[in-house]
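S.K.: For reference, the structure I am asking about is given below.
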Protein chains: 2
Amino acid sequence: MTGRNITIRDVAKIAGVSTATVSRALRGLPHVDGATRDRVARVAEELDYVISPSASRLASGRTGTIAIVTPYVSRWFFATLLSGIDSVFQRAGVDLLLFGVGDPSVSTERIPSERRLRGRVDGLMVLALPAALPEVQNLVGMGLPVSLVGMTASSVPSASIDDVEAARMATQHLLNLGHVDIGLIAGDISPTEFTMQDDRRRGFTAALSGAGLTHDPVLEASGHFTVAGGERAMTVLLSQPKRPTAVFAMSDEMAFGAIRALQRHGLRPGRDVSIVGVDGHDISELLDLTTVEQPVAELGRVSAEALLEQLRTGVKPFETNVLPTELVVRGSTVPSSTH
Amino acid sequence: MTGRNITIRDVAKIAGVSTATVSRALRGLPHVDGATRDRVARVAEELDYVISPSASRLASGRTGTIAIVTPYVSRWFFATLLSGIDSVFQRAGVDLLLFGVGDPSVSTERIPSERRLRGRVDGLMVLALPAALPEVQNLVGMGLPVSLVGMTASSVPSASIDDVEAARMATQHLLNLGHVDIGLIAGDISPTEFTMQDDRRRGFTAALSGAGLTHDPVLEASGHFTVAGGERAMTVLLSQPKRPTAVFAMSDEMAFGAIRALQRHGLRPGRDVSIVGVDGHDISELLDLTTVEQPVAELGRVSAEALLEQLRTGVKPFETNVLPTELVVRGSTVPSSTH
DNA sequence: ATGAAAGCGCTAACAG
DNA sequence: CTGTTAGCGCTTTCAT
């Protein structure tokens, strides 16, 4: 449209300096005279000049881009993480490359290969993917700076919550209310290598043990971490001779489904069966669901900052950030009536 | 780690051809002998060679990347759009650059400037931003291929629903149930240039007119398109002498808030006040909310495909895709008791 | 069908 | 503090 694009050379010529100086001046590098810097800046401004990213990248070897590898992009937890991550990198002027890879228990083929990423990004963030998956291990081990959220791997920076503790808190809350027959809506029956799930189960059983109880397998059903799954799971639990008086759902979305199942059976959460979840989903307050809140956007932010740090200093922050969770009591949990 | 990166030259040398041929062969360009192509492919494979994106971009002028400019990334509507868009471009091997710009009525400074985008992306998608904003007009007018979702602009491809019709359907449903005192929970009081809102209001009033009614301003409150806002709006409506027997909320999230307000007042949606929303939010079924569903992920997909088409053929698809909406009746709307 | 060669626009030593 | 000079690794005419 407007003829040839303007390049660093145009700026250099008009400002009466070399391209190298323009480059230094515009990037805020040291060893540039103040007056020179100003002049260059002014000329660049006037010409509406922008550094060509492709050229800059080719010459410098840096991409100014990081990849985000996530199973889902639209589900609440991931979308919220994403917004936290986005806020950090946007401020830093780093571009985000989004890789939605789908449910890893269904297929892992969309997890980008090392080849796909190398030379394309300066670093990557991996969100709540099973660390044990070979594809994920490749990502983490490829030498690029990495930061994790909702998962951990040895000597890789990460941000997550203490899932054992979160589940323990939720369960302990039910115990404190006098419940004994406590049901569990877990994620998936198949033994994936997904630690989060194991951790939450461990917290659940630990709380029971602490109260001198043991987990009756009859009181457990799988909710696949979805609303629909939670509903099915609760329905199963309700159709048994031994009904739980309270249920711990491993996620709020499954708890939503459980609430729905109760309503379908003419039962009311709280009054008839107590329900507690984990997450602090947007909608939980609306549904009056007791839950253990985790600071989701903050998890994204913290992990993003760890990666940014690494990108800037070149030093790998060795840290595993564990953020606090909080029990928020609402109407879905009440004292056991047999109490 | 493994010494120097391998380049196109390595492949060329080993395959015994020129770099030009390697380039053609690997990109599937014509005028390459079948045998040659195979040999090159094999060598590249063995060497685990990948075209350097930066170099390729610099040389070709194409980026293989498109920008997504969206007010929010974590809110349901946008996250769902994003997943639809992502599915299209990921299959096409196009990278997504995410620009979360925040609520445009609060600040527009994060909307990327033309400078920030030029040379950085081959095209862009703009999601449900007020088309009248100067910053948005800049984006759309900068000459890059553009595709819109949830908004329209003359001679720019887009995908959206008929907001007038959606609102009309919702309102007509209430009228059909015998309601007369119908409240409106609108988005924002300030007259932004955001067409969606105006359209939905127009559909609302049109339906009323069709029934020989007029919209009483006393029955309107603003819900700011959020759950909390919807709750406040409904509370206002309930505290007036003239209470509506039914309410049309311009979005499901506002309807959720309205439901919550009803509950707080000891009222039940449906039985006491009928509520209908627009969106088809994930949670609507859970809350038994009657709503006019729009195909959100599909909107993203359709618009993404329009952009892809444009990128590939260079021809601008002139079309404004209007996708159908559907009234889904649930328990939150019942016949007027005065009927 | 293939090769030679000229860039793409910038950065990074190295000199000065 | 500033300029010179090689590239970065590919794509793309233009020849052959």
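Following the order of the structure tokens, chains are lettered A, B, ..., residues in each are numbered from 1, and ligands are numbered from 1.
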Taking only C-alpha atoms (C1' of nucleotides) into account, which residues of chain A are within 7 Å of chain D, as an NGL selection string?

M.R.: :A and (18 or 21 or 31-33 or 58-59)

S.K.: May I have the selected residues written with N, CA and C atoms, as an mmCIF file, in the first residue's frame?

M.R.:
data_model
loop_
_atom_site.group_PDB
_atom_site.id
_atom_site.type_symbol
_atom_site.label_atom_id
_atom_site.label_comp_id
_atom_site.auth_asym_id
_atom_site.auth_seq_id
_atom_site.Cartn_x
_atom_site.Cartn_y
_atom_site.Cartn_z
ATOM 1 N N SER A 18 24.572 5.025 12.486
ATOM 2 C CA SER A 18 24.604 3.696 11.881
ATOM 3 C C SER A 18 23.408 2.866 12.357
ATOM 4 N N THR A 21 23.695 1.675 15.918
ATOM 5 C CA THR A 21 23.320 2.637 16.952
ATOM 6 C C THR A 21 21.802 2.726 17.097
ATOM 7 N N HIS A 31 25.571 2.396 26.568
ATOM 8 C CA HIS A 31 26.602 2.887 25.649
ATOM 9 C C HIS A 31 25.998 3.654 24.483
ATOM 10 N N VAL A 32 24.957 4.405 24.763
ATOM 11 C CA VAL A 32 24.416 5.288 23.735
ATOM 12 C C VAL A 32 24.260 6.668 24.368
ATOM 13 N N ASP A 33 24.718 7.657 23.688
ATOM 14 C CA ASP A 33 24.623 9.020 24.197
ATOM 15 C C ASP A 33 23.154 9.425 24.305
ATOM 16 N N LEU A 58 15.621 -13.605 13.916
ATOM 17 C CA LEU A 58 16.609 -14.382 13.176
ATOM 18 C C LEU A 58 18.018 -13.990 13.617
ATOM 19 N N ALA A 59 18.210 -12.703 13.758
ATOM 20 C CA ALA A 59 19.543 -12.227 14.103
ATOM 21 C C ALA A 59 19.908 -12.543 15.549
#

S.K.: For chain A, which residues have at least one atom within 7 Å of chain C, if we go by only C-alpha atoms (C1' of nucleotides)? Write them as an mmCIF file with C-alpha atoms, in the first residue's frame, please.

M.R.:
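What follows is the written file out06.cif:
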data_model
loop_
_atom_site.group_PDB
_atom_site.id
_atom_site.type_symbol
_atom_site.label_atom_id
_atom_site.label_comp_id
_atom_site.auth_asym_id
_atom_site.auth_seq_id
_atom_site.Cartn_x
_atom_site.Cartn_y
_atom_site.Cartn_z
ATOM 1 C CA THR A 7 13.608 -0.371 7.873
ATOM 2 C CA SER A 52 10.787 -6.212 12.401
ATOM 3 C CA ALA A 55 14.512 -10.042 11.418
ATOM 4 C CA SER A 56 15.235 -9.379 15.030
ATOM 5 C CA ALA A 59 19.543 -12.227 14.103
ATOM 6 C CA SER A 60 19.277 -12.585 17.854
#

S.K.: Once you count only C-alpha atoms, what closest atom pair and distance in Å to one decimal does each residue of chain B within 9 Å of chain A have, with rows by chain and rising residue number, as CSV?

M.R.:
residue,atom,partner,partner_atom,distance
B:Met1,CA,A:Gly143,CA,8.7
B:Asp48,CA,A:Arg115,CA,7.8
B:Tyr49,CA,A:Arg115,CA,8.0
B:Val50,CA,A:Arg115,CA,6.5
B:Ser52,CA,A:Gly119,CA,6.4
B:Pro53,CA,A:Arg120,CA,6.5
B:Ser54,CA,A:Leu58,CA,5.1
B:Ala55,CA,A:Leu58,CA,5.7
B:Ser56,CA,A:Ser54,CA,8.6
B:Arg57,CA,A:Ser54,CA,6.0
B:Leu58,CA,A:Ser54,CA,5.1
B:Ala59,CA,A:Ser54,CA,8.9
B:Gly61,CA,A:Ser54,CA,8.4
B:Thr63,CA,A:Ser54,CA,8.0
B:Tyr72,CA,A:Ser83,CA,7.8
B:Val73,CA,A:Ser83,CA,5.7
B:Ser74,CA,A:Ala79,CA,4.3
B:Arg75,CA,A:Ala79,CA,7.4
B:Trp76,CA,A:Ser74,CA,6.9
B:Phe77,CA,A:Ser74,CA,8.6
B:Phe78,CA,A:Ser74,CA,8.0
B:Ala79,CA,A:Ser74,CA,4.4
B:Thr80,CA,A:Ser74,CA,4.9
B:Leu81,CA,A:Ser74,CA,8.0
B:Leu82,CA,A:Ser74,CA,7.0
B:Ser83,CA,A:Val73,CA,5.7
B:Asp86,CA,A:Gly100,CA,7.0
B:Ser87,CA,A:Gly100,CA,7.9
B:Gln90,CA,A:Phe99,CA,7.5
B:Asp95,CA,A:Leu97,CA,6.2
B:Leu96,CA,A:Leu97,CA,5.4
B:Leu97,CA,A:Leu96,CA,5.4
B:Leu98,CA,A:Leu96,CA,5.8
B:Phe99,CA,A:Gln90,CA,7.6
B:Gly100,CA,A:Asp86,CA,7.0
B:Arg110,CA,A:Gln90,CA,8.9
B:Arg115,CA,A:Val50,CA,6.4
B:Arg116,CA,A:Val50,CA,7.7
B:Arg118,CA,A:Val50,CA,8.4
B:Gly119,CA,A:Ser52,CA,6.4
B:Arg120,CA,A:Pro53,CA,6.4
B:Gly143,CA,A:Met1,CA,8.5
B:Val227,CA,A:Leu286,CA,8.7
B:Phe256,CA,A:Leu286,CA,7.6
B:Gly257,CA,A:Leu286,CA,7.7
B:Ile259,CA,A:Leu286,CA,8.8
B:Arg260,CA,A:Leu286,CA,6.4
B:Ile283,CA,A:Ile283,CA,8.1
B:Leu286,CA,A:Arg260,CA,6.5
B:Leu287,CA,A:Leu287,CA,8.5

S.K.: Could you take the residues named above and write them with C-alpha atoms, as a PDB file, in the first residue's frame?

M.R.:
ATOM      1  CA  MET B   1      23.977 -28.829  23.694  1.00  0.00           C
ATOM      2  CA  ASP B  48      15.460 -34.200  12.629  1.00  0.00           C
ATOM      3  CA  TYR B  49      15.532 -30.988  10.683  1.00  0.00           C
ATOM      4  CA  VAL B  50      12.858 -28.329  11.070  1.00  0.00           C
ATOM      5  CA  SER B  52      13.568 -22.219  11.136  1.00  0.00           C
ATOM      6  CA  PRO B  53      10.453 -20.148  11.490  1.00  0.00           C
ATOM      7  CA  SER B  54      12.309 -16.899  12.002  1.00  0.00           C
ATOM      8  CA  ALA B  55      14.366 -17.330   8.901  1.00  0.00           C
ATOM      9  CA  SER B  56      11.436 -18.478   6.882  1.00  0.00           C
ATOM     10  CA  ARG B  57       9.410 -15.549   8.004  1.00  0.00           C
ATOM     11  CA  LEU B  58      12.070 -13.037   7.306  1.00  0.00           C
ATOM     12  CA  ALA B  59      12.636 -14.381   3.847  1.00  0.00           C
ATOM     13  CA  GLY B  61       7.298 -12.120   4.740  1.00  0.00           C
ATOM     14  CA  THR B  63       4.377 -15.122   9.833  1.00  0.00           C
ATOM     15  CA  TYR B  72     -11.588 -11.307  28.223  1.00  0.00           C
ATOM     16  CA  VAL B  73      -9.914 -14.639  28.112  1.00  0.00           C
ATOM     17  CA  SER B  74     -11.433 -16.388  31.100  1.00  0.00           C
ATOM     18  CA  ARG B  75     -15.092 -15.510  30.797  1.00  0.00           C
ATOM     19  CA  TRP B  76     -17.194 -18.329  29.492  1.00  0.00           C
ATOM     20  CA  PHE B  77     -18.281 -16.759  26.238  1.00  0.00           C
ATOM     21  CA  PHE B  78     -14.807 -15.751  25.195  1.00  0.00           C
ATOM     22  CA  ALA B  79     -13.069 -18.850  26.427  1.00  0.00           C
ATOM     23  CA  THR B  80     -15.548 -20.896  24.436  1.00  0.00           C
ATOM     24  CA  LEU B  81     -15.026 -18.807  21.325  1.00  0.00           C
ATOM     25  CA  LEU B  82     -11.321 -19.245  21.800  1.00  0.00           C
ATOM     26  CA  SER B  83     -11.557 -22.997  21.887  1.00  0.00           C
ATOM     27  CA  ASP B  86      -8.066 -22.690  18.391  1.00  0.00           C
ATOM     28  CA  SER B  87      -9.410 -25.897  16.922  1.00  0.00           C
ATOM     29  CA  GLN B  90      -4.266 -25.571  15.247  1.00  0.00           C
ATOM     30  CA  ASP B  95      -0.048 -20.033  15.654  1.00  0.00           C
ATOM     31  CA  LEU B  96      -2.284 -17.954  17.843  1.00  0.00           C
ATOM     32  CA  LEU B  97      -1.126 -14.781  19.447  1.00  0.00           C
ATOM     33  CA  LEU B  98      -3.388 -13.874  22.314  1.00  0.00           C
ATOM     34  CA  PHE B  99      -4.184 -10.294  23.216  1.00  0.00           C
ATOM     35  CA  GLY B 100      -6.439  -9.987  26.220  1.00  0.00           C
ATOM     36  CA  ARG B 110      -4.315  -2.576  25.797  1.00  0.00           C
ATOM     37  CA  ARG B 115       2.468  -1.004  14.844  1.00  0.00           C
ATOM     38  CA  ARG B 116       2.444  -3.774  17.361  1.00  0.00           C
ATOM     39  CA  ARG B 118       2.277  -5.278  11.569  1.00  0.00           C
ATOM     40  CA  GLY B 119       4.893  -7.773  10.509  1.00  0.00           C
ATOM     41  CA  ARG B 120       3.976  -9.850  13.495  1.00  0.00           C
ATOM     42  CA  GLY B 143      -5.184  -3.692   5.677  1.00  0.00           C
ATOM     43  CA  VAL B 227     -23.495 -12.335  37.717  1.00  0.00           C
ATOM     44  CA  PHE B 256     -27.827 -16.297  37.124  1.00  0.00           C
ATOM     45  CA  GLY B 257     -27.479 -13.237  39.272  1.00  0.00           C
ATOM     46  CA  ILE B 259     -31.929 -16.097  40.131  1.00  0.00           C
ATOM     47  CA  ARG B 260     -29.674 -15.598  43.077  1.00  0.00           C
ATOM     48  CA  ILE B 283     -24.316 -23.696  33.789  1.00  0.00           C
ATOM     49  CA  LEU B 286     -27.740 -26.781  35.925  1.00  0.00           C
ATOM     50  CA  LEU B 287     -29.747 -23.796  37.117  1.00  0.00           C
TER      51      LEU B 287
END

S.K.: Please give the complete set of residues from region 50-185 of chain A that DSSP, run on the backbone, assigns to strand (DSSP E or B), formatted as a count of residues only.

M.R.: 29

S.K.: Given the choices B:Ala166, B:Phe248, B:Thr171, B:Arg200, which gets closest to Leu213 (chain B) if the distance is worked out from only C-alpha atoms?

M.R.: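 Using only C-alpha atoms, Leu213 (chain B) sits closest to B:Thr171.
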
S.K.: What's the 12 Å shell around region 103-108 of chain B, counting only C-alpha atoms (C1' of nucleotides), without same-chain residues fewer than 6 positions away, as a PDB file with C-alpha atoms, in the first residue's frame?

M.R.:
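The new file out08.pdb reads:
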ATOM      1  CA  VAL B  69      -7.914  -9.575  20.180  1.00  0.00           C
ATOM      2  CA  THR B  70     -10.433 -10.233  22.906  1.00  0.00           C
ATOM      3  CA  PRO B  71     -11.703  -8.294  25.906  1.00  0.00           C
ATOM      4  CA  TYR B  72     -11.588 -11.307  28.223  1.00  0.00           C
ATOM      5  CA  VAL B  73      -9.914 -14.639  28.112  1.00  0.00           C
ATOM      6  CA  ARG B  75     -15.092 -15.510  30.797  1.00  0.00           C
ATOM      7  CA  LEU B 127     -13.927 -10.828  19.402  1.00  0.00           C
ATOM      8  CA  ALA B 128     -17.012  -8.924  20.473  1.00  0.00           C
ATOM      9  CA  LEU B 129     -15.445  -5.528  20.796  1.00  0.00           C
ATOM     10  CA  PRO B 130     -17.433  -2.366  20.081  1.00  0.00           C
ATOM     11  CA  ALA B 131     -16.894  -1.798  16.380  1.00  0.00           C
ATOM     12  CA  ALA B 132     -17.224   1.928  16.813  1.00  0.00           C
ATOM     13  CA  LEU B 133     -14.143   2.317  18.989  1.00  0.00           C
ATOM     14  CA  PRO B 134     -11.387   4.169  17.161  1.00  0.00           C
ATOM     15  CA  GLU B 135      -8.838   1.586  18.290  1.00  0.00           C
ATOM     16  CA  VAL B 136     -10.963  -1.173  16.855  1.00  0.00           C
ATOM     17  CA  GLY B 187     -26.020  -4.603  30.088  1.00  0.00           C
ATOM     18  CA  ASP B 188     -24.980  -1.107  30.728  1.00  0.00           C
ATOM     19  CA  ILE B 189     -26.743   2.158  31.149  1.00  0.00           C
ATOM     20  CA  SER B 190     -24.169   4.260  29.402  1.00  0.00           C
ATOM     21  CA  PRO B 191     -24.788   4.476  25.695  1.00  0.00           C
ATOM     22  CA  THR B 192     -21.718   2.689  24.423  1.00  0.00           C
ATOM     23  CA  GLU B 193     -21.589   2.065  20.772  1.00  0.00           C
ATOM     24  CA  PHE B 194     -21.855  -1.592  21.472  1.00  0.00           C
ATOM     25  CA  HIS B 224     -23.302  -4.977  33.554  1.00  0.00           C
ATOM     26  CA  PHE B 225     -23.195  -8.396  31.937  1.00  0.00           C
TER      27      PHE B 225
END

S.K.: What's the 9 Å shell around region 38-43 of chain B, counting only C-alpha atoms (C1' of nucleotides), without same-chain residues fewer than 2 positions away, as a list in words?

M.R.: Val11, Ala12, Ile14, Ala15, Gly16, Val17, Thr21, Val22, Ala25, Leu26, Asp33, Gly34, Ala35, Thr36, Glu45, Glu46, Leu47, Asp48 and Tyr49 of chain B

S.K.: I need the chosen residues saved as a CSV table (one decimal), in the first residue's frame, with C-alpha atoms.

M.R.:
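And here's selection-v8.csv as it stands now:
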chain,number,residue,atom,x,y,z
B,11,VAL,CA,20.1,-31.2,4.5
B,12,ALA,CA,21.0,-29.9,1.0
B,14,ILE,CA,23.7,-34.6,2.4
B,15,ALA,CA,20.8,-35.0,0.0
B,16,GLY,CA,23.1,-33.7,-2.8
B,17,VAL,CA,20.9,-30.9,-3.9
B,21,THR,CA,15.4,-27.6,-3.9
B,22,VAL,CA,15.3,-28.6,-0.3
B,25,ALA,CA,10.7,-30.1,-1.6
B,26,LEU,CA,9.9,-29.7,2.0
B,33,ASP,CA,11.1,-34.6,-9.1
B,34,GLY,CA,9.3,-37.2,-7.0
B,35,ALA,CA,12.5,-39.1,-6.2
B,36,THR,CA,14.3,-35.9,-5.2
B,45,GLU,CA,13.7,-36.7,8.8
B,46,GLU,CA,16.9,-38.4,9.7
B,47,LEU,CA,18.6,-35.2,10.7
B,48,ASP,CA,15.5,-34.2,12.6
B,49,TYR,CA,15.5,-31.0,10.7

S.K.: Determine which residues of region 45-209 of chain A DSSP labels as alpha helix (DSSP H) from the backbone of this structure, then write them out as a short mmCIF file (atom, residue, chain, number, x, y, z; two decimals) with N, CA and C atoms, in the first residue's frame.

M.R.:
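Wrote it out as out.cif, contents follow:
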data_model
loop_
_atom_site.label_atom_id
_atom_site.label_comp_id
_atom_site.auth_asym_id
_atom_site.auth_seq_id
_atom_site.Cartn_x
_atom_site.Cartn_y
_atom_site.Cartn_z
N GLU A 45 9.91 7.42 15.73
CA GLU A 45 8.53 7.79 16.01
C GLU A 45 7.90 8.44 14.78
N GLU A 46 8.60 9.41 14.24
CA GLU A 46 8.08 10.13 13.08
C GLU A 46 7.82 9.21 11.90
N LEU A 47 8.74 8.29 11.72
CA LEU A 47 8.61 7.38 10.59
C LEU A 47 7.64 6.24 10.89
N PRO A 53 10.04 -7.98 13.82
CA PRO A 53 10.25 -9.11 14.73
C PRO A 53 10.99 -10.26 14.04
N SER A 54 10.61 -10.56 12.84
CA SER A 54 11.25 -11.71 12.18
C SER A 54 12.75 -11.49 12.05
N ALA A 55 13.09 -10.32 11.61
CA ALA A 55 14.51 -10.04 11.42
C ALA A 55 15.25 -10.06 12.75
N SER A 56 14.62 -9.43 13.71
CA SER A 56 15.23 -9.38 15.03
C SER A 56 15.43 -10.78 15.59
N ARG A 57 14.44 -11.58 15.39
CA ARG A 57 14.51 -12.94 15.90
C ARG A 57 15.59 -13.76 15.22
N LEU A 58 15.62 -13.61 13.92
CA LEU A 58 16.61 -14.38 13.18
C LEU A 58 18.02 -13.99 13.62
N ALA A 59 18.21 -12.70 13.76
CA ALA A 59 19.54 -12.23 14.10
C ALA A 59 19.91 -12.54 15.55
N SER A 60 18.95 -12.44 16.44
CA SER A 60 19.28 -12.58 17.85
C SER A 60 19.09 -13.99 18.39
N TRP A 76 -13.32 -23.59 32.88
CA TRP A 76 -13.11 -22.51 33.84
C TRP A 76 -11.70 -22.47 34.43
N PHE A 77 -11.25 -23.59 34.93
CA PHE A 77 -9.96 -23.62 35.59
C PHE A 77 -8.84 -23.15 34.66
N PHE A 78 -8.85 -23.65 33.45
CA PHE A 78 -7.77 -23.34 32.52
C PHE A 78 -7.90 -21.93 31.96
N ALA A 79 -9.12 -21.54 31.68
CA ALA A 79 -9.33 -20.19 31.18
C ALA A 79 -8.89 -19.17 32.23
N THR A 80 -9.13 -19.50 33.48
CA THR A 80 -8.74 -18.58 34.55
C THR A 80 -7.22 -18.54 34.72
N LEU A 81 -6.60 -19.70 34.64
CA LEU A 81 -5.14 -19.74 34.66
C LEU A 81 -4.60 -18.86 33.54
N LEU A 82 -5.18 -19.06 32.38
CA LEU A 82 -4.73 -18.35 31.19
C LEU A 82 -4.78 -16.85 31.37
N SER A 83 -5.83 -16.37 32.00
CA SER A 83 -5.94 -14.93 32.16
C SER A 83 -4.86 -14.43 33.11
N GLY A 84 -4.53 -15.22 34.13
CA GLY A 84 -3.45 -14.83 35.03
C GLY A 84 -2.12 -14.80 34.30
N ILE A 85 -1.88 -15.79 33.50
CA ILE A 85 -0.64 -15.88 32.74
C ILE A 85 -0.55 -14.74 31.73
N ASP A 86 -1.65 -14.52 31.05
CA ASP A 86 -1.71 -13.47 30.05
C ASP A 86 -1.36 -12.12 30.64
N SER A 87 -1.86 -11.87 31.85
CA SER A 87 -1.63 -10.55 32.45
C SER A 87 -0.14 -10.32 32.67
N VAL A 88 0.57 -11.35 33.03
CA VAL A 88 2.00 -11.20 33.28
C VAL A 88 2.78 -10.97 31.99
N PHE A 89 2.54 -11.81 31.02
CA PHE A 89 3.35 -11.74 29.82
C PHE A 89 2.99 -10.56 28.93
N GLN A 90 1.74 -10.18 29.00
CA GLN A 90 1.36 -9.03 28.20
C GLN A 90 2.10 -7.79 28.68
N ARG A 91 2.16 -7.64 29.98
CA ARG A 91 2.87 -6.50 30.55
C ARG A 91 4.35 -6.56 30.15
N GLU A 114 8.89 -31.46 20.42
CA GLU A 114 10.06 -30.62 20.59
C GLU A 114 10.38 -29.87 19.30
N ARG A 115 10.25 -30.57 18.20
CA ARG A 115 10.57 -29.97 16.91
C ARG A 115 9.68 -28.78 16.62
N ARG A 116 8.42 -28.95 16.97
CA ARG A 116 7.45 -27.90 16.69
C ARG A 116 7.75 -26.64 17.48
N LEU A 117 8.40 -26.80 18.61
CA LEU A 117 8.61 -25.69 19.52
C LEU A 117 9.98 -25.05 19.39
N PRO A 134 5.00 -39.42 28.57
CA PRO A 134 6.25 -39.28 27.81
C PRO A 134 6.29 -37.96 27.05
N GLU A 135 5.18 -37.60 26.43
CA GLU A 135 5.14 -36.37 25.66
C GLU A 135 5.42 -35.16 26.53
N VAL A 136 4.91 -35.20 27.74
CA VAL A 136 5.11 -34.09 28.66
C VAL A 136 6.56 -34.08 29.14
N GLN A 137 7.08 -35.25 29.38
CA GLN A 137 8.48 -35.32 29.81
C GLN A 137 9.42 -34.80 28.73
N ASN A 138 9.07 -35.07 27.50
CA ASN A 138 9.85 -34.51 26.40
C ASN A 138 9.87 -32.99 26.46
N LEU A 139 8.69 -32.43 26.61
CA LEU A 139 8.57 -30.98 26.69
C LEU A 139 9.46 -30.41 27.78
N VAL A 140 9.32 -31.02 28.94
CA VAL A 140 10.01 -30.49 30.10
C VAL A 140 11.52 -30.71 29.99
N GLY A 141 11.88 -31.77 29.32
CA GLY A 141 13.29 -32.10 29.26
C GLY A 141 14.03 -31.55 28.06
N ASP A 163 -2.59 -30.44 47.17
CA ASP A 163 -3.84 -31.15 46.91
C ASP A 163 -4.24 -32.08 48.04
N VAL A 164 -3.24 -32.67 48.66
CA VAL A 164 -3.53 -33.55 49.80
C VAL A 164 -4.22 -32.73 50.89
N GLU A 165 -3.63 -31.61 51.18
CA GLU A 165 -4.16 -30.76 52.24
C GLU A 165 -5.55 -30.23 51.89
N ALA A 166 -5.74 -29.84 50.64
CA ALA A 166 -7.04 -29.32 50.22
C ALA A 166 -8.13 -30.37 50.45
N ALA A 167 -7.84 -31.58 50.05
CA ALA A 167 -8.82 -32.65 50.20
C ALA A 167 -9.03 -32.97 51.68
N ARG A 168 -7.96 -32.91 52.41
CA ARG A 168 -8.05 -33.18 53.85
C ARG A 168 -8.95 -32.14 54.53
N MET A 169 -8.73 -30.89 54.19
CA MET A 169 -9.54 -29.81 54.77
C MET A 169 -11.03 -30.02 54.48
N ALA A 170 -11.30 -30.32 53.22
CA ALA A 170 -12.69 -30.51 52.82
C ALA A 170 -13.32 -31.66 53.61
N THR A 171 -12.58 -32.75 53.70
CA THR A 171 -13.11 -33.93 54.37
C THR A 171 -13.22 -33.71 55.88
N GLN A 172 -12.22 -33.06 56.41
CA GLN A 172 -12.23 -32.78 57.84
C GLN A 172 -13.44 -31.93 58.21
N HIS A 173 -13.77 -31.02 57.32
CA HIS A 173 -14.94 -30.17 57.54
C HIS A 173 -16.20 -31.04 57.69
N LEU A 174 -16.31 -32.03 56.85
CA LEU A 174 -17.47 -32.93 56.93
C LEU A 174 -17.44 -33.73 58.23
N LEU A 175 -16.24 -34.18 58.59
CA LEU A 175 -16.10 -34.94 59.83
C LEU A 175 -16.49 -34.07 61.02
N ASN A 176 -16.02 -32.83 60.98
CA ASN A 176 -16.33 -31.92 62.08
C ASN A 176 -17.84 -31.71 62.23
N THR A 195 -1.15 -37.03 39.26
CA THR A 195 -0.92 -36.89 40.70
C THR A 195 -2.02 -36.17 41.44
N MET A 196 -2.56 -35.13 40.83
CA MET A 196 -3.57 -34.33 41.51
C MET A 196 -4.66 -35.22 42.08
N GLN A 197 -5.10 -36.15 41.27
CA GLN A 197 -6.19 -37.02 41.68
C GLN A 197 -5.78 -37.92 42.85
N ASP A 198 -4.59 -38.49 42.73
CA ASP A 198 -4.10 -39.35 43.79
C ASP A 198 -3.95 -38.56 45.08
N ASP A 199 -3.42 -37.35 44.94
CA ASP A 199 -3.21 -36.52 46.12
C ASP A 199 -4.53 -36.23 46.83
N ARG A 200 -5.53 -35.89 46.03
CA ARG A 200 -6.80 -35.55 46.66
C ARG A 200 -7.42 -36.78 47.33
N ARG A 201 -7.22 -37.92 46.72
CA ARG A 201 -7.72 -39.13 47.35
C ARG A 201 -6.98 -39.38 48.65
N ARG A 202 -5.68 -39.18 48.61
CA ARG A 202 -4.87 -39.41 49.80
C ARG A 202 -5.32 -38.50 50.94
N GLY A 203 -5.58 -37.24 50.60
CA GLY A 203 -6.04 -36.31 51.63
C GLY A 203 -7.37 -36.75 52.21
N PHE A 204 -8.20 -37.25 51.34
CA PHE A 204 -9.52 -37.72 51.77
C PHE A 204 -9.39 -38.88 52.76
N THR A 205 -8.63 -39.89 52.37
CA THR A 205 -8.51 -41.06 53.24
C THR A 205 -7.73 -40.71 54.52
N ALA A 206 -6.78 -39.81 54.39
CA ALA A 206 -6.01 -39.42 55.57
C ALA A 206 -6.93 -38.81 56.62
N ALA A 207 -7.83 -37.95 56.15
CA ALA A 207 -8.76 -37.32 57.09
C ALA A 207 -9.63 -38.38 57.76
N LEU A 208 -10.11 -39.31 56.96
CA LEU A 208 -10.94 -40.38 57.52
C LEU A 208 -10.16 -41.16 58.58
N SER A 209 -8.95 -41.57 58.22
CA SER A 209 -8.12 -42.32 59.15
C SER A 209 -7.95 -41.55 60.44
#

S.K.: Please provide the set of residues having any atom within 6 Å of region 278-281 of chain B, restricted to only C-alpha atoms (C1' of nucleotides), with same-chain residues fewer than 6 positions apart removed, written as a PyMOL selection string.

M.R.: chain B and resi 250-252+291-294

S.K.: Write out as a count of residues only each polymer residue whose atoms come within 12 Å of Val322 (chain A), counting only C-alpha atoms (C1' of nucleotides); drop sequence neighbours fewer than 6 positions from it.

M.R.: 22

S.K.: Would you kindly return, as an MDAnalysis selection string, each protein, DNA or RNA residue with an atom no farther than 7 Å from any atom of Gly223 (chain A), considering only C-alpha atoms (C1' of nucleotides) and excluding same-chain residues fewer than 3 positions away?

M.R.: chainID A and resid 185:188 226 229:230 232:233 254
